[in-house]
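Okay, data_34.csv now, which holds CSV, C-alpha atoms and all ligand atoms:
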chain,number,residue,atom,x,y,z
A,121,MET,CA,0.0,0.0,0.0
A,122,PRO,CA,1.5,3.4,-1.0
A,123,ILE,CA,2.4,5.7,1.9
A,124,PRO,CA,-0.1,8.5,1.9
A,125,GLU,CA,1.5,11.9,0.9
A,126,ASN,CA,1.8,14.5,3.6
A,127,HIS,CA,-0.8,16.9,2.3
A,128,ALA,CA,0.3,19.6,4.6
A,129,ASP,CA,3.5,19.9,2.6
A,130,ALA,CA,2.1,19.1,-0.9
A,131,PRO,CA,3.0,21.5,-3.7
A,132,ARG,CA,0.3,24.1,-4.2
A,133,ALA,CA,-0.1,26.8,-6.8
A,134,GLY,CA,-2.7,29.2,-8.0
A,135,ARG,CA,-3.8,32.8,-8.9
A,136,CYS,CA,-4.6,35.3,-6.1
A,137,ALA,CA,-6.0,38.7,-6.8
A,138,ILE,CA,-5.2,41.6,-4.4
A,139,VAL,CA,-8.2,43.9,-4.3
A,140,GLY,CA,-9.6,46.7,-2.2
A,141,ARG,CA,-10.4,50.4,-2.3
A,142,PRO,CA,-7.7,52.9,-3.4
A,143,ASN,CA,-4.6,53.6,-1.3
A,144,VAL,CA,-5.0,50.8,1.3
A,145,GLY,CA,-1.6,49.4,0.4
A,146,LYS,CA,-2.3,46.7,-2.2
A,147,SER,CA,0.8,47.4,-4.4
A,148,THR,CA,3.0,47.8,-1.3
A,149,LEU,CA,1.7,44.4,-0.1
A,150,LEU,CA,2.6,42.8,-3.5
A,151,ASN,CA,6.1,44.2,-3.3
A,152,ALA,CA,6.5,43.0,0.3
A,153,LEU,CA,5.3,39.5,-0.5
A,154,LEU,CA,7.7,39.3,-3.5
A,155,GLY,CA,10.6,40.8,-1.4
A,156,GLN,CA,11.3,43.2,-4.2
A,157,LYS,CA,9.9,46.4,-5.7
A,158,LEU,CA,8.0,45.3,-8.8
A,159,VAL,CA,5.0,47.7,-8.9
A,160,ILE,CA,4.7,51.4,-8.0
A,161,ALA,CA,3.1,52.7,-4.8
A,162,THR,CA,2.5,56.3,-3.7
A,163,PRO,CA,0.5,58.1,-1.0
A,164,ARG,CA,-2.0,59.1,-3.8
A,165,PRO,CA,-5.1,57.1,-4.4
A,166,GLY,CA,-5.4,55.8,-8.0
A,167,THR,CA,-1.8,54.9,-8.4
A,168,THR,CA,-2.3,51.5,-10.0
A,169,ARG,CA,-4.0,51.6,-13.4
A,170,SER,CA,-3.8,48.1,-14.7
A,171,CYS,CA,-3.5,44.6,-13.4
A,172,VAL,CA,0.1,43.3,-12.9
A,173,LEU,CA,1.1,39.8,-12.2
A,174,GLY,CA,3.9,39.0,-9.7
A,175,VAL,CA,4.7,35.4,-9.0
A,176,TYR,CA,5.7,34.5,-5.4
A,177,ALA,CA,7.6,31.2,-5.1
A,178,SER,CA,8.8,29.2,-2.1
A,179,ASN,CA,10.2,25.7,-1.6
A,180,GLU,CA,9.2,25.2,2.0
A,181,PRO,CA,6.6,23.9,1.4
A,182,PRO,CA,6.6,24.1,-2.5
A,183,THR,CA,4.2,27.0,-3.3
A,184,GLN,CA,3.6,29.3,-6.2
A,185,VAL,CA,1.2,32.2,-6.0
A,186,ALA,CA,0.6,34.3,-9.0
A,187,PHE,CA,-0.6,37.5,-7.3
A,188,VAL,CA,-2.5,40.0,-9.4
A,189,ASP,CA,-2.2,43.7,-8.2
A,190,THR,CA,-5.3,45.6,-9.2
A,191,PRO,CA,-6.4,49.2,-9.4
A,192,GLY,CA,-8.4,50.4,-6.3
A,193,LEU,CA,-12.1,49.6,-6.4
A,194,GLU,CA,-14.1,52.9,-6.2
A,195,ARG,CA,-17.3,54.3,-7.6
A,196,PRO,CA,-16.0,55.4,-11.1
A,197,LYS,CA,-15.6,59.1,-11.9
A,198,GLY,CA,-15.1,59.9,-15.6
A,199,ALA,CA,-13.6,57.7,-18.3
A,200,LEU,CA,-10.4,57.0,-16.4
A,201,GLY,CA,-12.4,55.9,-13.3
A,202,ARG,CA,-14.5,53.5,-15.4
A,203,VAL,CA,-11.4,52.0,-17.0
A,204,LEU,CA,-9.8,51.5,-13.6
A,205,ILE,CA,-12.8,49.6,-12.3
A,206,ASP,CA,-13.1,47.5,-15.5
A,207,SER,CA,-9.4,46.7,-15.2
A,208,ALA,CA,-9.7,45.8,-11.4
A,209,LYS,CA,-12.6,43.4,-12.2
A,210,GLN,CA,-10.6,41.8,-15.0
A,211,GLY,CA,-8.0,40.9,-12.3
A,212,LEU,CA,-10.7,38.8,-10.5
A,213,VAL,CA,-11.2,36.5,-13.5
A,214,ASP,CA,-10.0,32.9,-13.0
A,215,CYS,CA,-8.5,33.5,-9.6
A,216,ASP,CA,-8.4,30.8,-6.9
A,217,ALA,CA,-8.3,33.2,-4.0
A,218,ILE,CA,-8.9,36.9,-3.3
A,219,VAL,CA,-7.0,39.0,-0.7
A,220,PHE,CA,-9.3,41.9,0.1
A,221,VAL,CA,-7.1,44.6,1.6
A,222,THR,CA,-8.4,47.3,4.0
A,223,GLU,CA,-6.6,49.5,6.4
A,224,ALA,CA,-6.7,49.6,10.2
A,225,PRO,CA,-8.9,52.4,11.5
A,226,ASN,CA,-7.2,55.7,12.3
A,227,ALA,CA,-7.5,57.0,15.9
A,228,GLY,CA,-11.0,58.3,16.3
A,229,ALA,CA,-12.4,56.6,13.2
A,230,ALA,CA,-15.6,54.5,13.5
A,231,LEU,CA,-15.0,50.8,14.2
A,232,ALA,CA,-17.3,50.0,11.2
A,233,VAL,CA,-17.0,48.8,7.6
A,234,HIS,CA,-15.6,51.7,5.7
A,235,GLU,CA,-18.2,53.1,3.2
A,236,LYS,CA,-15.8,52.6,0.2
A,237,ASP,CA,-15.1,49.0,1.4
A,238,ARG,CA,-18.9,48.3,1.3
A,239,THR,CA,-18.9,49.3,-2.4
A,240,ALA,CA,-15.7,47.4,-3.1
A,241,LEU,CA,-17.0,44.2,-1.3
A,242,GLN,CA,-20.1,44.4,-3.5
A,243,ALA,CA,-17.9,44.0,-6.5
A,244,LEU,CA,-16.9,40.6,-5.1
A,245,GLU,CA,-20.4,39.3,-4.6
A,246,ALA,CA,-20.5,37.5,-7.9
A,247,THR,CA,-17.3,35.5,-7.2
A,248,ASN,CA,-17.4,32.3,-5.2
A,249,VAL,CA,-13.7,31.9,-4.5
A,250,PRO,CA,-12.4,32.3,-0.9
A,251,VAL,CA,-11.9,35.9,0.2
A,252,ILE,CA,-9.2,36.6,2.8
A,253,LEU,CA,-9.4,39.9,4.6
A,254,ALA,CA,-6.0,41.5,5.2
A,255,ILE,CA,-6.2,44.5,7.6
A,256,ASN,CA,-3.1,46.5,6.6
A,257,LYS,CA,-1.2,49.3,8.3
A,258,VAL,CA,-1.6,47.8,11.8
A,259,ASP,CA,1.7,49.6,12.6
A,260,ARG,CA,-0.4,52.8,12.8
A,261,LEU,CA,-2.7,51.3,15.4
A,262,LYS,CA,-2.1,52.7,18.9
A,263,VAL,CA,-4.7,50.7,20.7
A,264,LYS,CA,-4.6,47.2,19.4
A,265,GLU,CA,-7.9,46.2,21.0
A,266,ARG,CA,-9.7,48.5,18.5
A,267,LEU,CA,-8.9,45.8,16.0
A,268,PHE,CA,-11.4,43.3,17.5
A,269,ALA,CA,-14.5,45.4,17.1
A,270,PHE,CA,-13.3,46.4,13.6
A,271,ILE,CA,-12.9,42.8,12.5
A,272,GLU,CA,-16.3,41.9,14.0
A,273,ALA,CA,-17.9,44.7,11.8
A,274,TYR,CA,-16.3,43.2,8.7
A,275,GLN,CA,-17.3,39.7,9.6
A,276,LYS,CA,-20.9,40.8,10.0
A,277,ASN,CA,-20.8,42.2,6.5
A,278,ARG,CA,-19.8,38.9,4.8
A,279,SER,CA,-17.9,35.7,5.7
A,280,PHE,CA,-14.1,35.6,5.1
A,281,ALA,CA,-11.9,32.4,4.7
A,282,ALA,CA,-9.5,34.1,7.1
A,283,VAL,CA,-8.8,37.5,8.7
A,284,VAL,CA,-5.1,38.6,9.0
A,285,PRO,CA,-3.9,41.9,10.4
A,286,ILE,CA,-0.7,42.9,8.6
A,287,SER,CA,1.7,45.7,8.0
A,288,ALA,CA,3.0,45.7,4.4
A,289,THR,CA,5.7,48.3,5.2
A,290,ARG,CA,7.0,46.5,8.3
A,291,GLY,CA,6.5,43.0,6.9
A,292,THR,CA,4.3,42.0,9.9
A,293,ASN,CA,2.3,38.8,9.6
A,294,LEU,CA,3.0,38.2,6.0
A,295,GLU,CA,4.0,34.6,6.6
A,296,ALA,CA,0.6,34.1,8.3
A,297,LEU,CA,-1.1,35.7,5.3
A,298,LEU,CA,0.8,33.5,2.8
A,299,GLY,CA,-0.2,30.4,4.9
A,300,GLU,CA,-3.9,31.3,4.6
A,301,ILE,CA,-3.6,31.9,0.9
A,302,ARG,CA,-1.7,28.6,0.3
A,303,ALA,CA,-4.4,26.7,2.1
A,304,THR,CA,-7.0,27.9,-0.5
A,305,LEU,CA,-4.9,26.8,-3.6
A,306,PRO,CA,-5.1,23.6,-5.6
A,307,GLU,CA,-2.3,21.0,-5.4
A,308,GLY,CA,0.4,21.0,-8.1
A,309,LEU,CA,2.8,23.6,-9.5
A,310,LEU,CA,2.0,25.8,-12.5
A,311,TYR,CA,4.8,28.1,-13.4
A,312,ASP,CA,8.4,28.0,-14.6
A,313,ALA,CA,10.8,28.5,-11.7
A,314,ASP,CA,12.0,31.9,-13.0
A,315,PHE,CA,8.7,33.3,-14.1
A,316,LEU,CA,8.0,36.6,-12.3
A,317,THR,CA,5.6,38.7,-14.3
A,318,ASP,CA,3.5,39.0,-17.4
A,319,ARG,CA,4.6,42.5,-18.3
A,320,PRO,CA,7.6,43.6,-20.4
A,321,GLU,CA,10.5,45.5,-18.9
A,322,ARG,CA,9.3,48.7,-20.6
A,323,PHE,CA,6.1,48.7,-18.8
A,324,PHE,CA,7.8,48.9,-15.4
A,325,VAL,CA,10.2,51.6,-16.6
A,326,SER,CA,7.2,53.7,-17.7
A,327,GLU,CA,5.6,53.1,-14.4
A,328,LEU,CA,8.7,54.3,-12.5
A,329,VAL,CA,8.7,57.5,-14.5
A,330,ARG,CA,5.0,58.0,-13.6
A,331,GLU,CA,5.7,57.2,-9.9
A,332,ALA,CA,8.4,59.9,-9.7
A,333,ALA,CA,6.1,62.4,-11.4
A,334,MET,CA,3.3,61.5,-9.0
A,335,LEU,CA,5.6,61.8,-5.9
A,336,ASN,CA,6.8,65.3,-7.0
A,337,THR,CA,3.4,66.9,-7.7
A,338,ARG,CA,0.3,67.6,-5.6
A,339,GLN,CA,-3.5,68.0,-5.5
A,340,GLU,CA,-5.3,66.8,-8.7
A,341,ILE,CA,-2.2,66.7,-10.9
A,342,PRO,CA,-0.9,63.1,-10.1
A,343,TYR,CA,-4.3,61.6,-11.2
A,344,GLY,CA,-4.0,63.2,-14.6
A,345,ILE,CA,-0.4,62.2,-15.4
A,346,ALA,CA,0.4,59.5,-17.9
A,347,CYS,CA,3.8,58.5,-19.3
A,348,ASP,CA,4.6,57.5,-22.9
A,349,LEU,CA,8.0,56.1,-23.7
A,350,GLU,CA,9.0,57.1,-27.3
A,351,SER,CA,12.5,55.7,-27.4
A,352,TYR,CA,14.2,52.8,-25.7
A,353,ARG,CA,17.6,52.0,-27.1
A,354,GLU,CA,20.7,50.1,-26.1
A,355,GLU,CA,23.9,52.1,-26.6
A,356,GLY,CA,26.8,49.9,-25.5
A,357,SER,CA,26.4,49.4,-21.8
A,358,LEU,CA,23.9,52.3,-21.6
A,359,LEU,CA,20.1,52.2,-22.0
A,360,ARG,CA,18.9,55.4,-23.6
A,361,ILE,CA,15.3,56.2,-22.8
A,362,GLU,CA,13.2,59.2,-24.0
A,363,GLY,CA,9.7,59.7,-22.9
A,364,THR,CA,6.8,62.2,-22.4
A,365,LEU,CA,4.8,63.0,-19.4
A,366,ILE,CA,1.3,63.8,-20.4
A,367,VAL,CA,-0.9,66.1,-18.4
A,368,GLU,CA,-4.5,67.4,-18.8
A,369,LYS,CA,-4.0,71.2,-18.6
A,370,ALA,CA,-1.4,73.9,-19.5
A,371,SER,CA,-1.3,74.9,-15.9
A,372,HIS,CA,-0.4,71.4,-14.9
A,373,LYS,CA,2.4,71.4,-17.4
A,374,ALA,CA,3.9,74.5,-15.8
A,375,ILE,CA,3.7,72.8,-12.4
A,376,VAL,CA,5.4,69.5,-13.6
A,377,ILE,CA,8.2,71.6,-15.2
A,378,GLY,CA,8.5,73.9,-12.1
A,379,SER,CA,10.4,77.2,-11.9
A,380,ARG,CA,13.5,77.1,-14.0
A,381,GLY,CA,12.7,73.4,-14.8
A,382,GLU,CA,13.5,72.3,-11.2
A,383,THR,CA,10.6,69.9,-10.8
A,384,ILE,CA,11.1,68.0,-14.1
A,385,LYS,CA,14.8,67.8,-13.3
A,386,LYS,CA,14.0,66.2,-9.9
A,387,ILE,CA,11.5,63.8,-11.5
A,388,SER,CA,14.0,62.8,-14.1
A,389,THR,CA,16.8,62.2,-11.6
A,390,GLU,CA,14.6,60.2,-9.2
A,391,ALA,CA,13.1,58.1,-12.0
A,392,ARG,CA,16.5,57.4,-13.5
A,393,GLN,CA,17.8,56.2,-10.1
A,394,GLU,CA,14.8,53.9,-9.6
A,395,ILE,CA,15.1,52.5,-13.2
A,396,GLU,CA,18.8,51.9,-12.7
A,397,ALA,CA,18.1,50.0,-9.4
A,398,PHE,CA,15.3,48.0,-11.1
A,399,LEU,CA,17.4,47.0,-14.2
A,400,GLY,CA,20.8,46.9,-12.5
A,401,ARG,CA,22.3,49.0,-15.3
A,402,LYS,CA,23.2,52.5,-16.3
A,403,VAL,CA,20.4,54.6,-17.8
A,404,TYR,CA,20.2,57.9,-19.7
A,405,LEU,CA,16.7,59.4,-19.3
A,406,ARG,CA,15.3,62.4,-21.1
A,407,LEU,CA,11.7,63.6,-20.4
A,408,TRP,CA,9.4,66.0,-22.1
A,409,VAL,CA,6.0,67.3,-20.9
A,410,LYS,CA,3.0,67.5,-23.2
A,411,VAL,CA,-0.7,68.7,-22.7
A,412,ILE,CA,-3.5,66.6,-24.0
A,413,PRO,CA,-6.5,68.6,-22.8
A,414,GLY,CA,-8.9,66.6,-20.7
A,415,TRP,CA,-7.5,63.2,-21.6
A,416,THR,CA,-8.8,61.5,-18.5
A,417,ARG,CA,-12.4,62.2,-19.7
A,418,ASP,CA,-11.9,60.8,-23.2
A,419,PRO,CA,-12.3,57.0,-23.3
A,420,THR,CA,-10.1,56.5,-26.4
A,421,LYS,CA,-7.3,58.6,-24.9
A,422,VAL,CA,-7.6,56.8,-21.6
A,423,ARG,CA,-7.2,53.4,-23.3
A,424,GLN,CA,-4.1,54.6,-25.1
A,425,LEU,CA,-2.5,56.5,-22.2
A,426,ALA,CA,-3.5,54.7,-19.1
A,427,ILE,CA,-3.9,51.1,-20.2
A,428,GLU,CA,-1.5,50.7,-23.1
A,429,GLU,CA,1.0,53.1,-21.5
A,430,SER,CA,4.7,52.4,-22.2
A,431,GLY,CA,3.8,51.3,-25.8
A,432,ALA,CA,5.5,48.0,-25.0
B,501,LIG,N1,1.8,53.0,7.8
B,501,LIG,C1,1.7,52.2,6.7
B,501,LIG,N2,1.6,52.7,5.5
B,501,LIG,C2,1.4,51.8,4.4
B,501,LIG,C3,1.4,50.4,4.6
B,501,LIG,N3,1.3,49.8,3.4
B,501,LIG,C4,1.2,50.8,2.5
B,501,LIG,N4,1.3,52.0,3.1
B,501,LIG,C5,1.3,53.3,2.5
B,501,LIG,O1,0.0,53.5,1.9
B,501,LIG,C6,0.1,54.3,0.7
B,501,LIG,C7,-0.6,53.7,-0.5
B,501,LIG,O2,0.1,52.5,-0.8
B,501,LIG,P1,-0.2,51.7,-2.2
B,501,LIG,O3,0.5,50.4,-2.1
B,501,LIG,O4,0.1,52.6,-3.4
B,501,LIG,O5,-1.8,51.5,-2.1
B,501,LIG,P2,-2.7,50.8,-3.2
B,501,LIG,O6,-3.8,50.2,-2.5
B,501,LIG,O7,-1.9,50.0,-4.2
B,501,LIG,O8,-3.3,52.1,-4.0
B,501,LIG,P3,-4.0,52.2,-5.5
B,501,LIG,O9,-3.1,51.6,-6.4
B,501,LIG,O10,-4.2,53.7,-5.6
B,501,LIG,O11,-5.3,51.5,-5.4
B,501,LIG,C8,1.6,54.5,0.5
B,501,LIG,O12,2.0,55.8,0.9
B,501,LIG,C9,2.2,53.4,1.3
B,501,LIG,O13,3.5,53.7,1.7
B,501,LIG,C10,1.6,49.9,6.0
B,501,LIG,O14,1.6,48.7,6.3
B,501,LIG,N5,1.7,50.8,7.0
B,502,MG,MG,-1.7,50.1,-6.2
Let me see the file written as structure tokens.
Amino acid sequence: MPIPENHADAPRAGRCAIVGRPNVGKSTLLNALLGQKLVIATPRPGTTRSCVLGVYASNEPPTQVAFVDTPGLERPKGALGRVLIDSAKQGLVDCDAIVFVTEAPNAGAALAVHEKDRTALQALEATNVPVILAINKVDRLKVKERLFAFIEAYQKNRSFAAVVPISATRGTNLEALLGEIRATLPEGLLYDADFLTDRPERFFVSELVREAAMLNTRQEIPYGIACDLESYREEGSLLRIEGTLIVEKASHKAIVIGSRGETIKKISTEARQEIEAFLGRKVYLRLWVKVIPGWTRDPTKVRQLAIEESGA
């Protein structure tokens, strides 16, 4: 009689979407789980614009999780908002598990389901895959007991396969979260050992430029920025990149450029350093700024600039 396999240690693999309202730390969580910066994350809501795959792999026990980072789920505003929601919902297709990310309540905030989470959770009603609730940013929580009432409020709203308080920035409880995700996945392995992502290098380079631009501008400007890479050439050991930052209004262009070009210079330097760290090679980066009036309200332009950005 064959010795039964130890199922606790059996290889498991599958696809797991990371969803939630904007700015709760979904992209930061993906990077923390992968142990490397793959996707961009900023303090501005609406940072992620399209789904990005990042494959986590471990040998102890053998596990492969193809995580899908998604744009924040929010009631759509304008053409860009609608595209973000459609794109986030695409990320849910064919997944074996969903990690629904929310953030721990700030001091003084109600210990109830956040209004935007209510809307975001509704988007999951049609799926029948296990949903794990990850309560992020617990490092900000001064009184840990507040978490119990908060969790209870969420559990009254719907049932979760597990609830895990985490801190993506500090790496708190990520092993526990991975354990809960693993438990929901089918047995077997699916991916080549070195498979990390479904996106070409150029996509990530374009995203790093957009991240630097978002981090160096304020108010409504970051939401209306897109990046288009026009040239991407090897020159010996150097990679020469030329691209355009696209904004919605002439006044935004002036802000992105800054007085005597200081802001665009800072954006270029920061983006170049990030790209060099990502690619592990020397980069020359030249950026221009262009106005396409009201592009976030034009569905065709939104498709071109927010979804197919980087022209990969
Ligand atoms: N204190 C604290 N901040 C965090 C944590 N995780 C993420 N953040 C911050 O939260 C902000 C938003 O992070 P993102 O990862 O861009 O959030 P997101 O959910 O991907 O946002 P969208 O792409 O806009 O939907 C950033 O400023 C992060 O540094 C955490 O565990 N603790
Ligand atoms: Mg994100």
**Request:** Could you report the residues within 10 Å of ligand LIG 501 (chain B), using only C-alpha atoms and all ligand atoms, as an MDAnalysis selection string?
**Result:** chainID A and resid 138:152 159:171 189:194 204 208 221:224 255:261 285:292 331 335 343
**Test item: residues at most 9 Å from stretch 393-404 of chain A, all atoms listed in the file, excluding those fewer than 4 positions along its chain, as a list in words** =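 The neighbour list is Lys157, Leu158, Glu321, Phe324, Val325, Leu328, Val329, Ala332, Ser357, Leu358, Leu359, Arg360, Ile361, Glu362, Ser388 and Thr389 of chain A.
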**Pick from A:Ala374, A:Ala128, A:Ile366, A:Val188, whichever lies nearest to ligand MG 502 (chain B) using all atoms listed in the file** =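 Smallest distance to ligand MG 502 (chain B) is found for A:Val188.
Distance-wise, atom CA of A:Asp418 and atom CA of A:Ala199 end up 6.0 Å apart.
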**Asked** atom CA of A:Leu173 to atom CA of A:Asp348: how many Å, to one decimal?
**Response** 21.0 Å
Please produce stretch 191-209 of chain A, completed to N, CA and C atoms, as an mmCIF file, in the coordinates of the input.
data_model
loop_
_atom_site.group_PDB
_atom_site.id
_atom_site.type_symbol
_atom_site.label_atom_id
_atom_site.label_comp_id
_atom_site.auth_asym_id
_atom_site.auth_seq_id
_atom_site.Cartn_x
_atom_site.Cartn_y
_atom_site.Cartn_z
ATOM 1 N N PRO A 191 -6.129 47.855 -9.749
ATOM 2 C CA PRO A 191 -6.400 49.200 -9.400
ATOM 3 C C PRO A 191 -7.471 49.263 -8.249
ATOM 4 N N GLY A 192 -7.465 50.304 -7.438
ATOM 5 C CA GLY A 192 -8.400 50.400 -6.300
ATOM 6 C C GLY A 192 -9.857 50.406 -6.807
ATOM 7 N N LEU A 193 -10.693 49.673 -6.083
ATOM 8 C CA LEU A 193 -12.100 49.600 -6.400
ATOM 9 C C LEU A 193 -12.815 50.828 -5.824
ATOM 10 N N GLU A 194 -13.397 51.648 -6.667
ATOM 11 C CA GLU A 194 -14.100 52.900 -6.200
ATOM 12 C C GLU A 194 -15.163 53.206 -7.203
ATOM 13 N N ARG A 195 -16.228 53.880 -6.691
ATOM 14 C CA ARG A 195 -17.300 54.300 -7.600
ATOM 15 C C ARG A 195 -16.617 55.139 -8.720
ATOM 16 N N PRO A 196 -16.791 54.742 -9.995
ATOM 17 C CA PRO A 196 -16.000 55.400 -11.100
ATOM 18 C C PRO A 196 -16.394 56.846 -11.298
ATOM 19 N N LYS A 197 -15.360 57.660 -11.518
ATOM 20 C CA LYS A 197 -15.600 59.100 -11.900
ATOM 21 C C LYS A 197 -14.892 59.239 -13.270
ATOM 22 N N GLY A 198 -15.640 59.636 -14.284
ATOM 23 C CA GLY A 198 -15.100 59.900 -15.600
ATOM 24 C C GLY A 198 -14.569 58.663 -16.320
ATOM 25 N N ALA A 199 -14.005 58.874 -17.503
ATOM 26 C CA ALA A 199 -13.600 57.700 -18.300
ATOM 27 C C ALA A 199 -12.432 56.985 -17.654
ATOM 28 N N LEU A 200 -11.487 57.694 -17.033
ATOM 29 C CA LEU A 200 -10.400 57.000 -16.400
ATOM 30 C C LEU A 200 -10.872 56.146 -15.232
ATOM 31 N N GLY A 201 -11.803 56.688 -14.429
ATOM 32 C CA GLY A 201 -12.400 55.900 -13.300
ATOM 33 C C GLY A 201 -13.041 54.643 -13.772
ATOM 34 N N ARG A 202 -13.775 54.731 -14.886
ATOM 35 C CA ARG A 202 -14.500 53.500 -15.400
ATOM 36 C C ARG A 202 -13.483 52.483 -15.877
ATOM 37 N N VAL A 203 -12.421 52.946 -16.527
ATOM 38 C CA VAL A 203 -11.400 52.000 -17.000
ATOM 39 C C VAL A 203 -10.694 51.331 -15.835
ATOM 40 N N LEU A 204 -10.459 52.084 -14.771
ATOM 41 C CA LEU A 204 -9.800 51.500 -13.600
ATOM 42 C C LEU A 204 -10.648 50.396 -12.984
ATOM 43 N N ILE A 205 -11.939 50.644 -12.879
ATOM 44 C CA ILE A 205 -12.800 49.600 -12.300
ATOM 45 C C ILE A 205 -12.900 48.399 -13.207
ATOM 46 N N ASP A 206 -13.035 48.611 -14.524
ATOM 47 C CA ASP A 206 -13.100 47.500 -15.500
ATOM 48 C C ASP A 206 -11.817 46.657 -15.338
ATOM 49 N N SER A 207 -10.704 47.363 -15.231
ATOM 50 C CA SER A 207 -9.400 46.700 -15.200
ATOM 51 C C SER A 207 -9.293 45.910 -13.855
ATOM 52 N N ALA A 208 -9.756 46.493 -12.745
ATOM 53 C CA ALA A 208 -9.700 45.800 -11.400
ATOM 54 C C ALA A 208 -10.555 44.517 -11.519
ATOM 55 N N LYS A 209 -11.737 44.616 -12.148
ATOM 56 C CA LYS A 209 -12.600 43.400 -12.200
ATOM 57 C C LYS A 209 -12.016 42.353 -13.113
#
